[in-house]
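First comes the structure, then the notes that go with it.
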Amino acid sequence: MSKKNWLRERLDEGLVILSFEKKKGFLSDPKYMGYKGFQTADTAKLYFELLYLPFGEGADIPRFRDTVGGQEAMPEGFVLYYTNQCPFTAKYVPILENMAKARNAEFQSIYIQSRNDCILGDSD
């Protein structure tokens with residue numbers, strides 16, 4: 001069974017990833033992801049792109065919340081949202097947390113495993 005078919009059996013509508021308009025070492029390369037069938041669903045300030053790979057006709061097109069790029073609902077201190085998109089990120093979370101503690105800075109890390117893990121405030 002191919003990886004794509006394996007994923008289709010486990011996911012309803014498709015995959016979503018975060019990218020940048022130009023290739024960056026810490027995010028997926030949009031040209032490569034386009035080659036793999038991903039499409040741009042939405043963009044946000046500072047050149048971020050939300051890419052998606054729909055698994056069928058009629059799948060909802062994902063989008064950034066209206067508050068993305070704004071500062072209205074920003075929590076206090078430093079908040080790190082991370083996923084397994086980069087397999088090395090989890091290794092650095094405790095290091096950043098210790099650095100913040102040493103500087104008496106507020107620090108919060110949020111491991112994103114689903115879309116509900118990254119919703120701030122009231123959901124749309």
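Please note that chains go A, B, ... in the order of the structure tokens, that every chain numbers its residues from 1, and that ligands are numbered from 1 in the order shown.
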Worksheet item: range 24-86 of chain A: which residues are helix (DSSP H, G or I) by DSSP, as a PyMOL selection string?
Response: chain A and resi 30-35+45-47
Write to file, as a PDB file, in the first residue's frame, the residues of the selection just made, with N, CA and C atoms.
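Writing done, so here's again_37.pdb:
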ATOM      1  N   PRO A  30       7.774  25.127  -0.960  1.00  0.00           N
ATOM      2  CA  PRO A  30       6.494  25.185  -1.662  1.00  0.00           C
ATOM      3  C   PRO A  30       6.548  24.616  -3.085  1.00  0.00           C
ATOM      4  N   LYS A  31       7.677  24.752  -3.771  1.00  0.00           N
ATOM      5  CA  LYS A  31       7.773  24.204  -5.127  1.00  0.00           C
ATOM      6  C   LYS A  31       7.726  22.679  -5.106  1.00  0.00           C
ATOM      7  N   TYR A  32       8.431  22.090  -4.160  1.00  0.00           N
ATOM      8  CA  TYR A  32       8.431  20.631  -4.048  1.00  0.00           C
ATOM      9  C   TYR A  32       7.044  20.133  -3.650  1.00  0.00           C
ATOM     10  N   MET A  33       6.413  20.826  -2.696  1.00  0.00           N
ATOM     11  CA  MET A  33       5.083  20.408  -2.254  1.00  0.00           C
ATOM     12  C   MET A  33       4.068  20.559  -3.396  1.00  0.00           C
ATOM     13  N   GLY A  34       4.231  21.590  -4.245  1.00  0.00           N
ATOM     14  CA  GLY A  34       3.379  21.734  -5.417  1.00  0.00           C
ATOM     15  C   GLY A  34       3.566  20.574  -6.375  1.00  0.00           C
ATOM     16  N   TYR A  35       4.801  20.137  -6.547  1.00  0.00           N
ATOM     17  CA  TYR A  35       5.111  18.972  -7.385  1.00  0.00           C
ATOM     18  C   TYR A  35       4.407  17.722  -6.851  1.00  0.00           C
ATOM     19  N   LYS A  45       0.239  37.372   6.519  1.00  0.00           N
ATOM     20  CA  LYS A  45       1.313  38.363   6.570  1.00  0.00           C
ATOM     21  C   LYS A  45       2.655  37.688   6.831  1.00  0.00           C
ATOM     22  N   LEU A  46       3.682  38.303   6.368  1.00  0.00           N
ATOM     23  CA  LEU A  46       5.048  37.817   6.495  1.00  0.00           C
ATOM     24  C   LEU A  46       5.308  36.582   5.641  1.00  0.00           C
ATOM     25  N   TYR A  47       4.554  36.428   4.589  1.00  0.00           N
ATOM     26  CA  TYR A  47       4.854  35.440   3.544  1.00  0.00           C
ATOM     27  C   TYR A  47       4.534  33.995   3.885  1.00  0.00           C
TER      28      TYR A  47
END
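When the distance limit is 10 Å and only C-alpha atoms are what count, the residues near Val93 in chain A, minus those fewer than 5 positions from it on the same chain, are Leu80, Tyr81, Tyr82, Phe88, Asn98, Met99, Gln108, Ser109, Ile110 and Tyr111 of chain A.
Take the candidates A:Glu13, A:Lys23, A:Phe55, A:Ala102 and check each one against Gly37 in chain A using only C-alpha atoms; the shortest distance goes to A:Phe55.
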